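The file target36.cif contains mmCIF, C-alpha atoms:
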```cif
data_work
#
loop_
_atom_site.label_atom_id
_atom_site.label_comp_id
_atom_site.auth_asym_id
_atom_site.auth_seq_id
_atom_site.Cartn_x
_atom_site.Cartn_y
_atom_site.Cartn_z
CA MET X 719 8.34 -26.30 -12.56
CA LEU X 720 5.78 -24.55 -14.71
CA SER X 721 7.83 -21.39 -14.53
CA GLN X 722 10.52 -22.87 -16.77
CA SER X 723 8.37 -21.96 -19.74
CA VAL X 724 8.85 -18.26 -19.14
CA CYS X 725 12.55 -18.27 -18.47
CA GLY X 726 14.78 -17.13 -21.25
CA THR X 727 12.90 -13.90 -21.72
CA SER X 728 14.85 -10.84 -20.72
CA ARG X 729 11.98 -9.19 -18.91
CA ILE X 730 12.82 -8.44 -15.30
CA VAL X 731 10.14 -9.27 -12.73
CA GLY X 732 9.84 -7.50 -9.40
CA PHE X 733 8.05 -8.31 -6.19
CA ARG X 734 7.70 -5.67 -3.51
CA PHE X 735 6.42 -7.40 -0.40
CA SER X 736 6.03 -7.17 3.34
CA LEU X 737 6.04 -10.12 5.70
CA TYR X 738 3.78 -9.60 8.69
CA PRO X 739 4.14 -12.00 11.64
CA MET X 740 1.32 -11.40 14.11
CA SER X 741 3.67 -11.97 17.03
CA ASP X 742 5.80 -10.13 19.56
CA GLN X 743 8.70 -11.99 17.92
CA PHE X 744 8.09 -10.36 14.54
CA VAL X 745 11.64 -9.09 14.10
CA ASP X 746 13.13 -12.55 14.61
CA VAL X 747 10.56 -14.17 12.30
CA ILE X 748 11.16 -11.66 9.49
CA LYS X 749 14.94 -11.81 9.78
CA GLY X 750 14.80 -15.59 10.14
CA ALA X 751 12.68 -16.11 7.03
CA LEU X 752 14.83 -13.81 4.92
CA GLY X 753 18.00 -15.35 6.34
CA GLU X 754 16.91 -18.93 5.64
CA THR X 755 15.99 -18.09 2.04
CA ASN X 756 18.61 -18.37 -0.65
CA THR X 757 18.37 -15.02 -2.41
CA SER X 758 21.58 -15.31 -4.43
CA LYS X 759 19.78 -15.13 -7.77
CA VAL X 760 17.70 -12.02 -7.14
CA TRP X 761 18.45 -8.37 -6.54
CA LEU X 762 17.18 -7.53 -3.06
CA LYS X 763 16.67 -4.37 -1.07
CA THR X 764 14.85 -3.99 2.24
CA ASP X 765 13.61 -0.77 3.78
CA ASP X 766 11.53 -0.07 6.90
CA ILE X 767 8.23 -0.84 5.12
CA SER X 768 8.90 -3.57 2.58
CA THR X 769 11.42 -5.64 0.67
CA CYS X 770 11.87 -5.56 -3.09
CA ILE X 771 13.30 -8.48 -5.05
CA ARG X 772 13.99 -8.38 -8.78
CA GLY X 773 15.17 -10.87 -11.32
CA LYS X 774 13.94 -13.71 -13.50
CA ALA X 775 10.34 -14.72 -12.87
CA VAL X 776 11.40 -18.22 -11.85
CA HIS X 777 13.65 -16.91 -9.07
CA VAL X 778 11.38 -14.13 -7.90
CA PHE X 779 8.57 -16.64 -7.34
CA ASP X 780 10.99 -19.16 -5.82
CA VAL X 781 12.20 -16.60 -3.28
CA ALA X 782 8.67 -15.32 -2.58
CA LYS X 783 7.47 -18.82 -1.74
CA ALA X 784 10.54 -19.55 0.36
CA VAL X 785 10.12 -16.42 2.48
CA TYR X 786 6.47 -17.30 3.03
CA LEU X 787 7.15 -20.95 3.92
CA HIS X 788 10.04 -20.21 6.26
CA ALA X 789 7.82 -17.79 8.15
CA ALA X 790 4.72 -20.00 8.04
CA LYS X 791 6.54 -23.07 9.33
CA THR X 792 6.97 -21.32 12.68
CA GLY X 793 3.27 -22.00 13.22
CA LEU X 794 2.63 -18.33 13.93
CA HIS X 795 -0.03 -16.39 12.10
CA VAL X 796 1.93 -14.71 9.31
CA VAL X 797 0.97 -12.95 6.10
CA LEU X 798 2.96 -12.29 2.95
CA ASN X 799 1.49 -9.26 1.20
CA GLY X 800 2.87 -7.56 -1.88
CA SER X 801 2.78 -6.77 -5.57
CA PHE X 802 4.45 -8.56 -8.44
CA SER X 803 5.27 -6.32 -11.37
CA ILE X 804 6.73 -6.55 -14.85
CA GLY X 805 7.15 -4.10 -17.68
CA CYS X 806 6.80 -0.89 -15.73
CA PRO X 807 7.84 1.88 -18.15
CA GLY X 808 11.09 3.35 -16.94
CA ASP X 809 12.05 0.17 -15.15
CA SER X 810 15.69 -0.59 -15.72
CA ASP X 811 16.05 -3.80 -17.63
CA GLY X 812 19.27 -5.65 -18.19
CA ASP X 813 20.00 -6.19 -14.54
CA SER X 814 22.83 -8.64 -14.01
CA TYR X 815 20.40 -10.99 -12.28
CA MET X 816 18.74 -11.66 -15.63
CA SER X 817 21.77 -13.67 -16.80
CA VAL X 818 21.70 -16.33 -14.07
CA ASP X 819 20.57 -19.85 -14.87
CA ASP X 820 17.09 -21.19 -14.11
CA GLU X 821 17.92 -23.63 -11.32
CA CYS X 822 15.76 -22.74 -8.33
CA MET X 823 17.76 -22.27 -5.14
CA ASN X 824 14.95 -22.92 -2.65
CA GLU X 825 12.46 -25.35 -4.17
CA ALA X 826 14.23 -28.58 -3.15
CA ALA X 827 14.53 -27.57 0.49
CA LEU X 828 10.90 -26.55 0.72
CA SER X 829 8.95 -29.13 -1.20
CA HIS X 830 8.26 -31.18 1.93
CA ILE X 831 6.59 -28.29 3.77
CA LYS X 832 2.81 -28.50 3.51
CA ILE X 833 0.91 -25.44 4.65
CA GLU X 834 -2.55 -24.22 3.76
CA ALA X 835 -2.22 -20.83 2.06
CA PRO X 836 -5.53 -18.95 1.92
CA THR X 837 -4.95 -16.12 -0.54
CA GLN X 838 -6.60 -13.11 -2.10
CA PHE X 839 -5.09 -11.79 -5.30
CA ALA X 840 -5.85 -9.25 -7.99
CA LEU X 841 -4.36 -8.91 -11.44
CA TYR X 842 -3.88 -5.56 -13.17
CA PRO X 843 -2.93 -5.70 -16.86
CA MET X 844 -2.12 -2.05 -17.60
CA ASN X 845 -3.03 0.03 -20.64
CA ASP X 846 -5.03 -2.67 -22.39
CA SER X 847 -8.72 -2.57 -23.22
CA ARG X 848 -8.88 -6.38 -22.99
CA TYR X 849 -7.88 -6.33 -19.34
CA MET X 850 -11.11 -7.77 -17.94
CA ASP X 851 -10.86 -10.67 -20.40
CA LEU X 852 -7.24 -11.24 -19.40
CA ILE X 853 -8.23 -11.36 -15.75
CA ALA X 854 -10.93 -13.89 -16.62
CA GLU X 855 -8.31 -16.01 -18.40
CA ALA X 856 -6.12 -15.99 -15.29
CA ILE X 857 -9.10 -17.14 -13.24
CA GLU X 858 -9.47 -20.03 -15.68
CA ILE X 859 -5.92 -21.09 -14.82
CA ALA X 860 -6.85 -21.12 -11.15
CA LYS X 861 -9.95 -23.16 -11.95
CA GLU X 862 -7.86 -25.72 -13.84
CA LYS X 863 -5.49 -25.97 -10.88
CA GLU X 864 -8.47 -26.24 -8.55
CA THR X 865 -7.15 -23.56 -6.24
CA ILE X 866 -9.88 -21.01 -6.99
CA SER X 867 -12.46 -20.70 -4.27
CA GLY X 868 -14.44 -17.67 -5.27
CA GLY X 869 -14.59 -14.09 -6.37
CA ILE X 870 -14.95 -11.27 -3.89
CA HIS X 871 -15.07 -7.52 -4.28
CA TYR X 872 -11.81 -6.37 -5.93
CA ALA X 873 -10.04 -9.73 -5.68
CA SER X 874 -10.20 -13.47 -6.23
CA ARG X 875 -9.79 -16.09 -3.58
CA LEU X 876 -7.44 -19.07 -3.69
CA ASP X 877 -7.22 -21.93 -1.21
CA GLY X 878 -5.03 -24.98 -1.02
CA ASP X 879 -1.52 -26.11 -0.30
CA ALA X 880 1.04 -23.31 -0.55
CA HIS X 881 2.88 -24.99 -3.41
CA GLU X 882 -0.29 -25.15 -5.48
CA VAL X 883 -1.28 -21.60 -4.59
CA PHE X 884 2.12 -20.15 -5.52
CA SER X 885 2.13 -22.20 -8.71
CA THR X 886 -1.28 -20.72 -9.58
CA LEU X 887 -0.06 -17.19 -8.90
CA GLU X 888 3.08 -17.68 -10.96
CA GLN X 889 1.22 -19.21 -13.88
CA SER X 890 -1.46 -16.50 -13.84
CA PHE X 891 1.13 -13.76 -13.78
CA THR X 892 3.40 -15.22 -16.42
CA ALA X 893 0.56 -16.10 -18.79
CA THR X 894 -0.78 -12.55 -18.56
CA GLN X 895 2.55 -10.85 -19.15
CA GLU X 896 2.93 -12.79 -22.38
CA LYS X 897 -0.06 -10.81 -23.68
CA VAL X 898 0.46 -7.43 -22.00
CA SER X 899 3.69 -5.50 -21.49
CA HIS X 900 2.99 -4.04 -18.04
CA VAL X 901 1.27 -6.25 -15.50
CA THR X 902 0.90 -5.96 -11.74
CA MET X 903 -0.53 -8.60 -9.42
CA THR X 904 -1.31 -7.99 -5.75
CA VAL X 905 -1.22 -10.95 -3.38
CA ASN X 906 -2.30 -11.35 0.24
CA ILE X 907 -1.22 -14.82 1.40
CA ALA X 908 -2.02 -15.88 4.94
CA ALA X 909 -0.92 -18.79 7.11
CA ASN X 910 -2.05 -20.16 10.45
CA SER X 911 -4.83 -17.64 10.97
CA PRO X 912 -6.94 -18.34 14.03
CA SER X 913 -9.94 -17.17 11.99
CA ARG X 914 -9.51 -20.29 9.88
CA LYS X 915 -10.01 -22.70 12.77
CA LYS X 916 -13.04 -24.88 12.35
CA VAL X 917 -15.72 -24.17 14.91
CA MET W 1336 -12.01 18.28 4.14
CA LEU W 1337 -10.62 18.07 0.64
CA SER W 1338 -12.75 15.03 0.02
CA GLN W 1339 -15.91 17.08 0.02
CA SER W 1340 -15.19 18.01 -3.54
CA VAL W 1341 -15.81 14.48 -4.75
CA CYS W 1342 -18.97 13.79 -2.82
CA GLY W 1343 -22.18 13.95 -4.71
CA THR W 1344 -20.92 11.64 -7.41
CA SER W 1345 -22.65 8.28 -7.44
CA ARG W 1346 -19.48 6.27 -7.90
CA ILE W 1347 -18.98 3.73 -5.15
CA VAL W 1348 -15.46 3.44 -3.74
CA GLY W 1349 -14.13 0.28 -2.14
CA PHE W 1350 -11.17 -0.45 0.11
CA ARG W 1351 -10.13 -4.02 0.73
CA PHE W 1352 -7.60 -3.96 3.54
CA SER W 1353 -5.86 -5.99 6.19
CA LEU W 1354 -4.69 -4.64 9.51
CA TYR W 1355 -1.53 -6.35 10.73
CA PRO W 1356 -0.51 -5.81 14.37
CA MET W 1357 2.95 -7.28 14.94
CA SER W 1358 1.94 -8.50 18.37
CA ASP W 1359 0.72 -11.58 20.22
CA GLN W 1360 -2.36 -9.47 20.98
CA PHE W 1361 -3.22 -9.10 17.29
CA VAL W 1362 -6.80 -10.35 17.63
CA ASP W 1363 -7.61 -7.79 20.32
CA VAL W 1364 -5.94 -4.97 18.39
CA ILE W 1365 -7.82 -5.77 15.16
CA LYS W 1366 -11.17 -6.19 16.87
CA GLY W 1367 -10.51 -3.12 18.99
CA ALA W 1368 -9.66 -0.88 16.03
CA LEU W 1369 -12.69 -2.03 14.05
CA GLY W 1370 -14.90 -1.74 17.11
CA GLU W 1371 -13.77 1.79 17.96
CA THR W 1372 -14.36 2.98 14.40
CA ASN W 1373 -17.77 4.31 13.43
CA THR W 1374 -18.56 2.33 10.28
CA SER W 1375 -22.23 3.26 10.05
CA LYS W 1376 -21.85 4.98 6.67
CA VAL W 1377 -20.03 2.20 4.83
CA TRP W 1378 -20.88 -1.31 3.75
CA LEU W 1379 -18.49 -3.65 5.57
CA LYS W 1380 -17.60 -7.30 5.33
CA THR W 1381 -14.73 -9.09 7.04
CA ASP W 1382 -13.36 -12.52 6.16
CA ASP W 1383 -10.35 -14.44 7.47
CA ILE W 1384 -7.90 -12.55 5.22
CA SER W 1385 -9.18 -9.01 4.86
CA THR W 1386 -12.00 -6.53 5.36
CA CYS W 1387 -13.83 -4.76 2.56
CA ILE W 1388 -15.58 -1.43 3.05
CA ARG W 1389 -17.61 0.30 0.35
CA GLY W 1390 -19.41 3.60 0.05
CA LYS W 1391 -18.77 7.23 -0.68
CA ALA W 1392 -15.11 8.20 -1.03
CA VAL W 1393 -15.33 10.56 1.91
CA HIS W 1394 -16.51 7.81 4.25
CA VAL W 1395 -14.27 5.08 2.93
CA PHE W 1396 -11.21 7.24 3.57
CA ASP W 1397 -12.60 8.38 6.95
CA VAL W 1398 -13.02 4.77 8.08
CA ALA W 1399 -9.66 3.70 6.66
CA LYS W 1400 -7.85 6.40 8.62
CA ALA W 1401 -9.81 5.65 11.77
CA VAL W 1402 -8.97 1.94 11.69
CA TYR W 1403 -5.30 2.81 11.20
CA LEU W 1404 -5.21 5.42 13.98
CA HIS W 1405 -7.08 3.31 16.51
CA ALA W 1406 -4.58 0.51 15.94
CA ALA W 1407 -1.54 2.79 15.80
CA LYS W 1408 -2.40 4.60 19.02
CA THR W 1409 -1.71 1.36 20.91
CA GLY W 1410 1.96 2.07 20.28
CA LEU W 1411 2.41 -1.36 18.77
CA HIS W 1412 3.99 -1.84 15.35
CA VAL W 1413 0.95 -2.09 13.08
CA VAL W 1414 0.45 -1.89 9.33
CA LEU W 1415 -2.65 -1.09 7.29
CA ASN W 1416 -2.26 -2.66 3.86
CA GLY W 1417 -4.86 -2.72 1.13
CA SER W 1418 -6.25 -1.52 -2.17
CA PHE W 1419 -8.68 1.28 -2.88
CA SER W 1420 -10.79 0.74 -5.99
CA ILE W 1421 -13.42 2.56 -8.03
CA GLY W 1422 -15.14 1.81 -11.30
CA CYS W 1423 -14.40 -1.90 -11.52
CA PRO W 1424 -16.58 -3.16 -14.40
CA GLY W 1425 -19.28 -5.38 -13.01
CA ASP W 1426 -19.14 -3.65 -9.64
CA SER W 1427 -22.64 -3.12 -8.32
CA ASP W 1428 -23.32 0.57 -8.07
CA GLY W 1429 -26.31 2.15 -6.37
CA ASP W 1430 -25.60 0.70 -2.99
CA SER W 1431 -27.71 2.25 -0.25
CA TYR W 1432 -24.55 3.62 1.33
CA MET W 1433 -24.21 6.06 -1.55
CA SER W 1434 -27.22 8.05 -0.34
CA VAL W 1435 -25.87 8.96 3.10
CA ASP W 1436 -24.74 12.52 3.82
CA ASP W 1437 -21.13 13.65 3.80
CA GLU W 1438 -20.58 14.24 7.50
CA CYS W 1439 -17.55 12.22 8.58
CA MET W 1440 -18.24 10.02 11.57
CA ASN W 1441 -14.65 9.60 12.78
CA GLU W 1442 -12.69 12.72 11.91
CA ALA W 1443 -13.60 14.78 14.98
CA ALA W 1444 -12.62 12.06 17.42
CA LEU W 1445 -9.29 11.44 15.72
CA SER W 1446 -7.93 14.84 14.79
CA HIS W 1447 -5.90 15.10 18.00
CA ILE W 1448 -3.98 11.87 17.33
CA LYS W 1449 -0.58 12.59 15.82
CA ILE W 1450 1.29 9.58 14.46
CA GLU W 1451 4.01 9.33 11.85
CA ALA W 1452 2.69 7.24 8.94
CA PRO W 1453 5.49 6.06 6.65
CA THR W 1454 3.72 4.81 3.53
CA GLN W 1455 4.34 3.18 0.20
CA PHE W 1456 1.60 3.48 -2.40
CA ALA W 1457 1.03 2.74 -6.06
CA LEU W 1458 -1.66 4.04 -8.35
CA TYR W 1459 -3.12 1.98 -11.20
CA PRO W 1460 -5.36 3.86 -13.65
CA MET W 1461 -6.77 1.02 -15.75
CA ASN W 1462 -7.28 0.86 -19.50
CA ASP W 1463 -5.81 4.25 -20.26
CA SER W 1464 -2.73 4.98 -22.33
CA ARG W 1465 -2.11 8.15 -20.31
CA TYR W 1466 -1.66 6.16 -17.12
CA MET W 1467 1.99 7.04 -16.51
CA ASP W 1468 1.15 10.74 -16.87
CA LEU W 1469 -1.76 10.34 -14.46
CA ILE W 1470 0.55 8.71 -11.93
CA ALA W 1471 2.98 11.60 -12.34
CA GLU W 1472 0.12 14.04 -11.69
CA ALA W 1473 -0.73 12.23 -8.46
CA ILE W 1474 2.90 12.50 -7.40
CA GLU W 1475 2.64 16.25 -7.99
CA ILE W 1476 -0.20 16.35 -5.45
CA ALA W 1477 2.05 14.62 -2.93
CA LYS W 1478 4.81 17.10 -3.69
CA GLU W 1479 2.46 20.02 -3.08
CA LYS W 1480 1.40 18.51 0.22
CA GLU W 1481 5.07 17.89 1.06
CA THR W 1482 4.43 14.28 2.02
CA ILE W 1483 6.38 12.76 -0.86
CA SER W 1484 9.75 11.42 0.13
CA GLY W 1485 10.87 9.52 -2.92
CA GLY W 1486 10.22 7.02 -5.63
CA ILE W 1487 11.17 3.40 -5.25
CA HIS W 1488 10.73 0.39 -7.48
CA TYR W 1489 7.00 -0.12 -8.12
CA ALA W 1490 5.80 2.44 -5.59
CA SER W 1491 6.14 5.95 -4.19
CA ARG W 1492 7.04 6.83 -0.65
CA LEU W 1493 5.16 9.20 1.63
CA ASP W 1494 6.21 10.36 5.08
CA GLY W 1495 4.57 12.66 7.60
CA ASP W 1496 1.73 12.89 10.04
CA ALA W 1497 -1.02 10.35 9.40
CA HIS W 1498 -3.62 13.03 8.70
CA GLU W 1499 -1.45 14.55 5.98
CA VAL W 1500 -0.58 11.17 4.53
CA PHE W 1501 -4.21 10.01 4.35
CA SER W 1502 -5.19 13.38 2.89
CA THR W 1503 -2.56 12.91 0.20
CA LEU W 1504 -3.78 9.41 -0.59
CA GLU W 1505 -7.42 10.53 -0.78
CA GLN W 1506 -6.63 13.51 -2.97
CA SER W 1507 -4.42 11.45 -5.31
CA PHE W 1508 -7.09 8.79 -5.67
CA THR W 1509 -10.02 11.13 -6.15
CA ALA W 1510 -8.19 13.37 -8.62
CA THR W 1511 -7.24 10.36 -10.71
CA GLN W 1512 -10.72 8.84 -10.77
CA GLU W 1513 -12.08 12.09 -12.18
CA LYS W 1514 -10.03 11.36 -15.31
CA VAL W 1515 -10.23 7.56 -15.51
CA SER W 1516 -13.21 5.31 -14.86
CA HIS W 1517 -11.42 2.39 -13.18
CA VAL W 1518 -8.65 3.19 -10.73
CA THR W 1519 -6.94 1.09 -8.09
CA MET W 1520 -4.46 2.33 -5.50
CA THR W 1521 -2.44 0.05 -3.24
CA VAL W 1522 -1.31 1.40 0.13
CA ASN W 1523 1.09 0.04 2.74
CA ILE W 1524 0.90 2.33 5.78
CA ALA W 1525 3.09 1.52 8.78
CA ALA W 1526 3.19 2.82 12.34
CA ASN W 1527 5.62 2.45 15.22
CA SER W 1528 8.10 0.31 13.30
CA PRO W 1529 11.28 -0.42 15.25
CA SER W 1530 13.14 -0.10 11.94
CA ARG W 1531 12.29 3.59 12.03
CA LYS W 1532 14.09 4.23 15.30
CA LYS W 1533 17.06 6.51 14.97
CA VAL W 1534 20.34 4.81 15.72
#
```

Mind turning this structure into structure tokens?
Amino acid sequence: MLSQSVCGTSRIVGFRFSLYPMSDQFVDVIKGALGETNTSKVWLKTDDISTCIRGKAVHVFDVAKAVYLHAAKTGLHVVLNGSFSIGCPGDSDGDSYMSVDDECMNEAALSHIKIEAPTQFALYPMNDSRYMDLIAEAIEIAKEKETISGGIHYASRLDGDAHEVFSTLEQSFTATQEKVSHVTMTVNIAANSPSRKKV
Amino acid sequence: MLSQSVCGTSRIVGFRFSLYPMSDQFVDVIKGALGETNTSKVWLKTDDISTCIRGKAVHVFDVAKAVYLHAAKTGLHVVLNGSFSIGCPGDSDGDSYMSVDDECMNEAALSHIKIEAPTQFALYPMNDSRYMDLIAEAIEIAKEKETISGGIHYASRLDGDAHEVFSTLEQSFTATQEKVSHVTMTVNIAANSPSRKKV
């Protein structure tokens, strides 16, 4: 796991996300995906609009991917949309979830699931005049991982297997936050969209 | 329209958004909402993940609200989720859509629709050390408009009628971009969520 390299820092990572199943069964899909995910190593709170998880980067990304995969494996068109964040001034550090170990609770159960994860993401390094360069460096990571598939207005596009896409997102985020205190990254990760069907 | 005050600038505003109907009929709802909206005064491009509109602030916000309301009026649980942006370095200014007049093409047809629009939003003024103060100033706007209903991790919460909520978002965004060149604002605007039902 590439994310091991960033564990051991005390910086708490958050991910506020919504899971959108384009289905009449959306309540069951959302509750099912959250219920099937092991969230024991992150702080978690759900409201009527979104869910927020907080903890070590390794576990926040592990849980994010698990929620996505458990929903996507239904075969329904689902989207995971949210913002990762670290270093927000005023954010309360020292949460108890920062003292857990680095063993991922979901990775082993999910590694066999292969799903295409077309994604648009945007990186926002805050309060830093180098921010456009830092974004360019994150894009280089995606190029090396061969998940990048183009720039669009206000975002970059990733395509590939979900494991590779989440790995790209995690590496881009963690590499950037080593250089800038406050970083946000928006992600819009789709699965099973009928618009993707070859014609 | 409060947005009139920012027209006449030549700064192009963009909104990359996804409309998520939690319904088996999601294709019809998305196509219906886009089709019912008058988009003649914005540049528009849709891909398999999101839609991007670009133009004058007044028209970008007019179209954003129209897409939301046309979807929400179906009574289905729908969410409009996306990012407004202005001043991204490298963004091509001088688009032909910046020379249109300020008359809103959707407002008149939509003003009678009353829908509660619970919203979470986050403002990102880029490359500016005052950014936390600027965010606080935007929250003051929401307080004055009485749409603010609390801060949460990584976002602020708005509640109220959709027209008031969109007005708050537009005013927060436009006020901030008068002070900072590059501003992004993420919005997650729900409608008809079963989680909102009183128990």

- Give as a ChimeraX atom specification every residue of chain X that touches chain W within 9 Å, counting only C-alpha atoms. /X:732-734,736,738-745,765-768,770,797,799,801-803,806-807,809,836-838,842-850,871-873,902,904,906-908,911-914

- Query: Counting only C-alpha atoms, what is within 12 Å of Arg1346 in chain W, bar same-chain residues fewer than 4 positions away, as a ChimeraX atom specification?
  - Reply: /W:1341-1342,1389-1393,1420-1424,1426-1434,1509,1512-1513,1516-1518

- Item | One-decimal distance in Å that lies between CA of Phe1508 in chain W and CA of Glu1475 in chain W |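 Straight-line distance from CA of Glu1475 in chain W to CA of Phe1508 in chain W works out to 12.5 Å.
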
- Query: In Å, how far is it from CA of Lys863 in chain X to CA of Thr886 in chain X?
  - Reply: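 Going from CA of Lys863 in chain X over to CA of Thr886 in chain X, I get 6.9 Å.
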
Translate the PyMOL selection byres ((chain W and resi 1368) around 12) into a concrete residue list for this structure, as a PDB file with C-alpha atoms, in the coordinates of the input.
```
ATOM      1  CA  SER W1353      -5.860  -5.990   6.190  1.00  0.00           C
ATOM      2  CA  LEU W1354      -4.690  -4.640   9.510  1.00  0.00           C
ATOM      3  CA  TYR W1355      -1.530  -6.350  10.730  1.00  0.00           C
ATOM      4  CA  PRO W1356      -0.510  -5.810  14.370  1.00  0.00           C
ATOM      5  CA  PHE W1361      -3.220  -9.100  17.290  1.00  0.00           C
ATOM      6  CA  VAL W1362      -6.800 -10.350  17.630  1.00  0.00           C
ATOM      7  CA  ASP W1363      -7.610  -7.790  20.320  1.00  0.00           C
ATOM      8  CA  VAL W1364      -5.940  -4.970  18.390  1.00  0.00           C
ATOM      9  CA  ILE W1365      -7.820  -5.770  15.160  1.00  0.00           C
ATOM     10  CA  LYS W1366     -11.170  -6.190  16.870  1.00  0.00           C
ATOM     11  CA  GLY W1367     -10.510  -3.120  18.990  1.00  0.00           C
ATOM     12  CA  LEU W1369     -12.690  -2.030  14.050  1.00  0.00           C
ATOM     13  CA  GLY W1370     -14.900  -1.740  17.110  1.00  0.00           C
ATOM     14  CA  GLU W1371     -13.770   1.790  17.960  1.00  0.00           C
ATOM     15  CA  THR W1372     -14.360   2.980  14.400  1.00  0.00           C
ATOM     16  CA  ASN W1373     -17.770   4.310  13.430  1.00  0.00           C
ATOM     17  CA  THR W1374     -18.560   2.330  10.280  1.00  0.00           C
ATOM     18  CA  VAL W1398     -13.020   4.770   8.080  1.00  0.00           C
ATOM     19  CA  ALA W1399      -9.660   3.700   6.660  1.00  0.00           C
ATOM     20  CA  LYS W1400      -7.850   6.400   8.620  1.00  0.00           C
ATOM     21  CA  ALA W1401      -9.810   5.650  11.770  1.00  0.00           C
ATOM     22  CA  VAL W1402      -8.970   1.940  11.690  1.00  0.00           C
ATOM     23  CA  TYR W1403      -5.300   2.810  11.200  1.00  0.00           C
ATOM     24  CA  LEU W1404      -5.210   5.420  13.980  1.00  0.00           C
ATOM     25  CA  HIS W1405      -7.080   3.310  16.510  1.00  0.00           C
ATOM     26  CA  ALA W1406      -4.580   0.510  15.940  1.00  0.00           C
ATOM     27  CA  ALA W1407      -1.540   2.790  15.800  1.00  0.00           C
ATOM     28  CA  LYS W1408      -2.400   4.600  19.020  1.00  0.00           C
ATOM     29  CA  THR W1409      -1.710   1.360  20.910  1.00  0.00           C
ATOM     30  CA  VAL W1413       0.950  -2.090  13.080  1.00  0.00           C
ATOM     31  CA  LEU W1415      -2.650  -1.090   7.290  1.00  0.00           C
TER      32      LEU W1415
END
```

- Message: I need the output of the PyMOL selection byres ((chain X and resi 882) around 12) for this file as a PyMOL selection string; which residues are they?
- Response: chain X and resi 719-720+783+829+831-837+859-866+876-881+883-889

Would you mind exporting C-alpha atoms of the selected residues as a PDB file, keeping the file's coordinate frame?
```
ATOM      1  CA  MET X 719       8.340 -26.300 -12.560  1.00  0.00           C
ATOM      2  CA  LEU X 720       5.780 -24.550 -14.710  1.00  0.00           C
ATOM      3  CA  LYS X 783       7.470 -18.820  -1.740  1.00  0.00           C
ATOM      4  CA  SER X 829       8.950 -29.130  -1.200  1.00  0.00           C
ATOM      5  CA  ILE X 831       6.590 -28.290   3.770  1.00  0.00           C
ATOM      6  CA  LYS X 832       2.810 -28.500   3.510  1.00  0.00           C
ATOM      7  CA  ILE X 833       0.910 -25.440   4.650  1.00  0.00           C
ATOM      8  CA  GLU X 834      -2.550 -24.220   3.760  1.00  0.00           C
ATOM      9  CA  ALA X 835      -2.220 -20.830   2.060  1.00  0.00           C
ATOM     10  CA  PRO X 836      -5.530 -18.950   1.920  1.00  0.00           C
ATOM     11  CA  THR X 837      -4.950 -16.120  -0.540  1.00  0.00           C
ATOM     12  CA  ILE X 859      -5.920 -21.090 -14.820  1.00  0.00           C
ATOM     13  CA  ALA X 860      -6.850 -21.120 -11.150  1.00  0.00           C
ATOM     14  CA  LYS X 861      -9.950 -23.160 -11.950  1.00  0.00           C
ATOM     15  CA  GLU X 862      -7.860 -25.720 -13.840  1.00  0.00           C
ATOM     16  CA  LYS X 863      -5.490 -25.970 -10.880  1.00  0.00           C
ATOM     17  CA  GLU X 864      -8.470 -26.240  -8.550  1.00  0.00           C
ATOM     18  CA  THR X 865      -7.150 -23.560  -6.240  1.00  0.00           C
ATOM     19  CA  ILE X 866      -9.880 -21.010  -6.990  1.00  0.00           C
ATOM     20  CA  LEU X 876      -7.440 -19.070  -3.690  1.00  0.00           C
ATOM     21  CA  ASP X 877      -7.220 -21.930  -1.210  1.00  0.00           C
ATOM     22  CA  GLY X 878      -5.030 -24.980  -1.020  1.00  0.00           C
ATOM     23  CA  ASP X 879      -1.520 -26.110  -0.300  1.00  0.00           C
ATOM     24  CA  ALA X 880       1.040 -23.310  -0.550  1.00  0.00           C
ATOM     25  CA  HIS X 881       2.880 -24.990  -3.410  1.00  0.00           C
ATOM     26  CA  VAL X 883      -1.280 -21.600  -4.590  1.00  0.00           C
ATOM     27  CA  PHE X 884       2.120 -20.150  -5.520  1.00  0.00           C
ATOM     28  CA  SER X 885       2.130 -22.200  -8.710  1.00  0.00           C
ATOM     29  CA  THR X 886      -1.280 -20.720  -9.580  1.00  0.00           C
ATOM     30  CA  LEU X 887      -0.060 -17.190  -8.900  1.00  0.00           C
ATOM     31  CA  GLU X 888       3.080 -17.680 -10.960  1.00  0.00           C
ATOM     32  CA  GLN X 889       1.220 -19.210 -13.880  1.00  0.00           C
TER      33      GLN X 889
END
```

- Message: With distances taken over all atoms listed in the file, which residue among W:Asn1527, W:Thr1381, W:Ser1491, W:Thr1386 lies nearest Ala1471 in chain W?
- Response: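 Nearest to Ala1471 in chain W: W:Ser1491.
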
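When only C-alpha atoms are used to measure the gap to Met1440 in chain W, the shortest distance among W:Leu1379, W:Leu1458, W:Met1520, W:Val1395 belongs to W:Val1395.
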
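Proximity of X:Val760, X:Ile853, X:Val905, X:Val898 to Asp820 in chain X, computed with all atoms listed in the file, is greatest for X:Val760.
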
- Message: Report, in Å to a single decimal, how far apart CA of Ala1510 in chain W and CA of Asp1397 in chain W are.
- Response: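 Separating CA of Asp1397 in chain W from CA of Ala1510 in chain W is a distance of 16.9 Å.
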